[in-house]
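Here is the structure we will look at, set down as structure tokens.
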Amino acid sequence: MLSRKQKDDVIKGVFFAIASISIVILALIMFFLFKEGLPIFNYVSVKKFLFGHYWYPTSEPPDFGIFPLIVGSVLVTLLSSCIAVPLGVMTAIYLAEIASPSLRNIVKPVVELLAAMPSVVIGFFGMVVVAPFLQDYFDLSTGLNLFNASLMLAFMSIPTICSISEDAIFSVPKELKEGSLALGATHWQTIVRVIIPASLSGIITSVILGMSRAIGETMVVLMVAGGAAMIPESIFDPVRPMPASIAAEMAEAPFRSEHYYALFAIGIVLFIFTLLFNMVADHISHKYRQVGAATL
């Protein structure tokens with residue numbers, strides 16, 4: 001019969017082993033990614049790879065400039081965030097502070113259900129419904145473009161932003177809200193001047209995580225972004241973000257060829273972008289964390 005301390009030690013060891021396995025798996029993925037991606041710089045300089053304007057990996061000689069791919073990823077992420085952030089945060093505020101409990105119990109499961117929708121379904125909707133509408137309404141040559149991809153990514157990011165923001169708003173101590181109302185503030189003034197500042201850490205974290213999901217999404221941008229590796233001049237031009245290039249070309253790249261190494265190097269750039277997003281989210285979460293009712 002194990003003593004209480006021995007049981008605690010066993011449980012602690014199990015959790016430590018699970019956490020260690022997760023870290024080891026992540027480290028192995030990083031090692032493989034860098035091992036397969038760094039050899040491209042034996043053929044092309046880092047500057048030409050990151051800032052070159054031409055991506056023609058199968059031409060003679062090949063061009064491995066991924067700057068249009070980086071610009072496409074950044075623009076798609078920023079435009080989708082401009083759509084998703086206001087909608088997600090305002091929906092969270094409405095559900096947490098304004099909606100009746102019965103309405104909240106209906107709407108919140110629907111919003112969370114959207115987060116589980118497969119990305120290929122959203123991409124198919126963008127191809128079949130949104131693309132023809134954009135093409136006809138705006139008289140475009142194609143409806144598969146930057147704006148279409150941003151709409152679909154915003155549709156995917158809103159549930160993440162809404163759910164995390166709502167949890168952050170609910171975690172605000174009730175004493176803060178009651179104190180504001182007791183001092184004569186209206187409900188709207190309390191939301192703007194007390195509740196939102198107190199939950200700012202969670203809201204900003206949700207925004208950054210939503211952007212992180214948008215920049216790393218593959219299937220949607222592969223289906224609806226247009227697939228043109230060029231710098232767009234308007235939001236209705238086709239683009240080719242980094243994940244779409246990897247997904248579209250990896251099966252065609254000969255093993256251990258320059259093209260193969262270049263695609264893994266794109267993966268390194270994408271990994272760094274995502275890592276930076278998560279580091280910023282973690283920093284902001286700790287910097288603006290609300291500890292108790294007396295911290296404001």
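Just remember, in the structure tokens the first chain shown is A, the second B, etc., residues are 1-based per chain, and ligands are 1-based in the order shown.
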Range 92-105 of chain A: which residues within 6 Å, counting only C-alpha atoms, same-chain residues fewer than 2 positions away excluded, as a ChimeraX atom specification?
-> /A:89-90,107-108,162,165-166
Dump all heavy atoms for the selected residues as a CSV table (one decimal), in the first residue's frame?
chain,number,residue,atom,x,y,z
A,89,VAL,N,-14.4,40.1,-30.5
A,89,VAL,CA,-14.4,40.8,-29.2
A,89,VAL,C,-15.8,41.3,-28.9
A,89,VAL,O,-16.3,41.2,-27.7
A,89,VAL,CB,-13.3,41.9,-29.2
A,89,VAL,CG1,-13.4,42.7,-27.9
A,89,VAL,CG2,-12.0,41.3,-29.3
A,90,MET,N,-16.5,42.0,-29.8
A,90,MET,CA,-17.8,42.5,-29.6
A,90,MET,C,-18.8,41.4,-29.3
A,90,MET,O,-19.7,41.6,-28.4
A,90,MET,CB,-18.3,43.4,-30.7
A,90,MET,CG,-17.5,44.7,-30.8
A,90,MET,SD,-18.3,45.9,-32.0
A,90,MET,CE,-17.9,45.0,-33.6
A,107,VAL,N,-26.3,30.7,-28.1
A,107,VAL,CA,-25.4,31.3,-29.0
A,107,VAL,C,-24.0,30.7,-28.8
A,107,VAL,O,-23.2,30.4,-29.7
A,107,VAL,CB,-25.4,32.8,-28.9
A,107,VAL,CG1,-24.3,33.4,-29.8
A,107,VAL,CG2,-26.7,33.4,-29.3
A,108,LYS,N,-23.6,30.6,-27.5
A,108,LYS,CA,-22.2,30.2,-27.2
A,108,LYS,C,-21.9,28.8,-27.8
A,108,LYS,O,-20.8,28.6,-28.4
A,108,LYS,CB,-21.9,30.3,-25.7
A,108,LYS,CG,-20.5,30.0,-25.4
A,108,LYS,CD,-20.1,30.2,-24.0
A,108,LYS,CE,-18.6,30.0,-23.7
A,108,LYS,NZ,-18.2,30.2,-22.3
A,162,CYS,N,-13.5,34.9,-29.8
A,162,CYS,CA,-14.7,35.1,-29.0
A,162,CYS,C,-14.7,34.3,-27.7
A,162,CYS,O,-15.0,34.8,-26.6
A,162,CYS,CB,-16.0,34.7,-29.8
A,162,CYS,SG,-17.5,34.9,-29.0
A,165,SER,N,-11.9,35.5,-25.3
A,165,SER,CA,-12.2,36.9,-24.8
A,165,SER,C,-13.4,36.8,-23.8
A,165,SER,O,-13.4,37.5,-22.7
A,165,SER,CB,-12.6,37.8,-25.9
A,165,SER,OG,-11.5,38.0,-26.8
A,166,GLU,N,-14.4,35.9,-24.1
A,166,GLU,CA,-15.5,35.8,-23.2
A,166,GLU,C,-15.0,35.2,-21.8
A,166,GLU,O,-15.5,35.7,-20.7
A,166,GLU,CB,-16.6,34.9,-23.8
A,166,GLU,CG,-17.8,34.8,-22.9
A,166,GLU,CD,-18.8,33.8,-23.5
A,166,GLU,OE1,-18.4,33.0,-24.3
A,166,GLU,OE2,-19.9,33.8,-22.9
Give me the range 185-236 of chain A side of the contact with range 127-150 of chain A, cut-off 8 Å, one line per residue showing its nearest atom pair and distance in Å at one decimal, counting only C-alpha atoms, sorted by chain and residue number, as CSV.
residue,atom,partner,partner_atom,distance
A:Val220,CA,A:Ala149,CA,6.9
A:Val221,CA,A:Ala149,CA,5.7
A:Met223,CA,A:Met127,CA,6.9
A:Val224,CA,A:Leu144,CA,4.8
A:Ala225,CA,A:Asn145,CA,4.5
A:Gly226,CA,A:Leu144,CA,4.6
A:Ile235,CA,A:Phe147,CA,5.3
A:Phe236,CA,A:Asn145,CA,5.4
Given the selection you just returned, output its residues as a file containing C-alpha atoms, formatted as an mmCIF file, in the first residue's frame.
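As a result, selection.cif now contains:
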data_model
loop_
_atom_site.group_PDB
_atom_site.id
_atom_site.type_symbol
_atom_site.label_atom_id
_atom_site.label_comp_id
_atom_site.auth_asym_id
_atom_site.auth_seq_id
_atom_site.Cartn_x
_atom_site.Cartn_y
_atom_site.Cartn_z
ATOM 1 C CA VAL A 220 -8.264 27.542 -46.798
ATOM 2 C CA VAL A 221 -5.560 29.699 -48.387
ATOM 3 C CA MET A 223 -8.229 26.723 -51.993
ATOM 4 C CA VAL A 224 -9.331 30.373 -52.128
ATOM 5 C CA ALA A 225 -6.259 32.674 -52.199
ATOM 6 C CA GLY A 226 -5.646 32.286 -55.934
ATOM 7 C CA ILE A 235 -7.125 43.273 -51.935
ATOM 8 C CA PHE A 236 -8.754 41.644 -54.976
#
Would you give me, as CSV, each residue of range 53-170 of chain A having an atom within 10 Å of an atom of range 250-268 of chain A, along with its shortest atom pair and that distance in Å to one decimal, using only C-alpha atoms and sorting by chain and residue number?
residue,atom,partner,partner_atom,distance
A:Tyr56,CA,A:His259,CA,9.4
A:Pro57,CA,A:His259,CA,5.7
A:Thr58,CA,A:His259,CA,7.4
A:Pro62,CA,A:His259,CA,8.5
A:Asp63,CA,A:His259,CA,9.6
A:Phe64,CA,A:Ala262,CA,7.1
A:Gly65,CA,A:Ala262,CA,9.5
A:Ile66,CA,A:Ile266,CA,7.7
A:Leu69,CA,A:Ile266,CA,9.0
A:Ile70,CA,A:Ile266,CA,9.1
Store the residues picked out above in a file with N, CA, C and O atoms, as a CSV table (one decimal), in the first residue's frame.
chain,number,residue,atom,x,y,z
A,56,TYR,N,10.4,30.8,-58.7
A,56,TYR,CA,10.3,29.9,-59.8
A,56,TYR,C,11.3,28.7,-59.5
A,56,TYR,O,12.4,28.6,-60.0
A,57,PRO,N,10.9,27.8,-58.6
A,57,PRO,CA,11.8,26.7,-58.1
A,57,PRO,C,12.1,25.7,-59.2
A,57,PRO,O,13.1,24.9,-59.0
A,58,THR,N,11.3,25.6,-60.3
A,58,THR,CA,11.6,24.6,-61.3
A,58,THR,C,12.2,25.1,-62.6
A,58,THR,O,12.4,24.3,-63.5
A,62,PRO,N,16.9,28.1,-61.1
A,62,PRO,CA,15.7,28.3,-60.3
A,62,PRO,C,15.8,29.6,-59.5
A,62,PRO,O,16.9,30.1,-59.2
A,63,ASP,N,14.7,30.2,-59.1
A,63,ASP,CA,14.6,31.4,-58.3
A,63,ASP,C,13.9,31.0,-57.0
A,63,ASP,O,12.8,30.5,-57.1
A,64,PHE,N,14.5,31.4,-55.9
A,64,PHE,CA,13.9,31.0,-54.6
A,64,PHE,C,13.6,32.2,-53.7
A,64,PHE,O,14.0,32.3,-52.6
A,65,GLY,N,13.0,33.2,-54.3
A,65,GLY,CA,12.7,34.4,-53.5
A,65,GLY,C,11.3,34.3,-52.9
A,65,GLY,O,10.3,34.1,-53.6
A,66,ILE,N,11.2,34.3,-51.6
A,66,ILE,CA,9.9,34.1,-51.0
A,66,ILE,C,9.2,35.4,-50.5
A,66,ILE,O,8.2,35.3,-49.7
A,69,LEU,N,5.6,35.5,-51.0
A,69,LEU,CA,4.9,34.6,-50.1
A,69,LEU,C,4.7,35.2,-48.7
A,69,LEU,O,3.7,35.0,-48.1
A,70,ILE,N,5.8,35.8,-48.3
A,70,ILE,CA,5.7,36.4,-46.9
A,70,ILE,C,4.7,37.6,-46.9
A,70,ILE,O,3.9,37.7,-46.0
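Distances here use only C-alpha atoms; by that measure, the residue among A:His187, A:Ala154, A:Phe49, A:Ile203 closest to Gly37 in chain A is A:Phe49.
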How would you write, as an MDAnalysis selection string, the set of residues in range 60-114 of chain A that DSSP gives as helix (DSSP H, G or I)?
-> chainID A and resid 67:98 101:114
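Going from CA of Pro243 in chain A to CA of Thr218 in chain A covers 4.9 Å.
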Please, what distance in Å, to one decimal, runs between CA of Met152 in chain A and CA of Arg240 in chain A?
->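 Here the two named atoms are 14.8 Å from each other.
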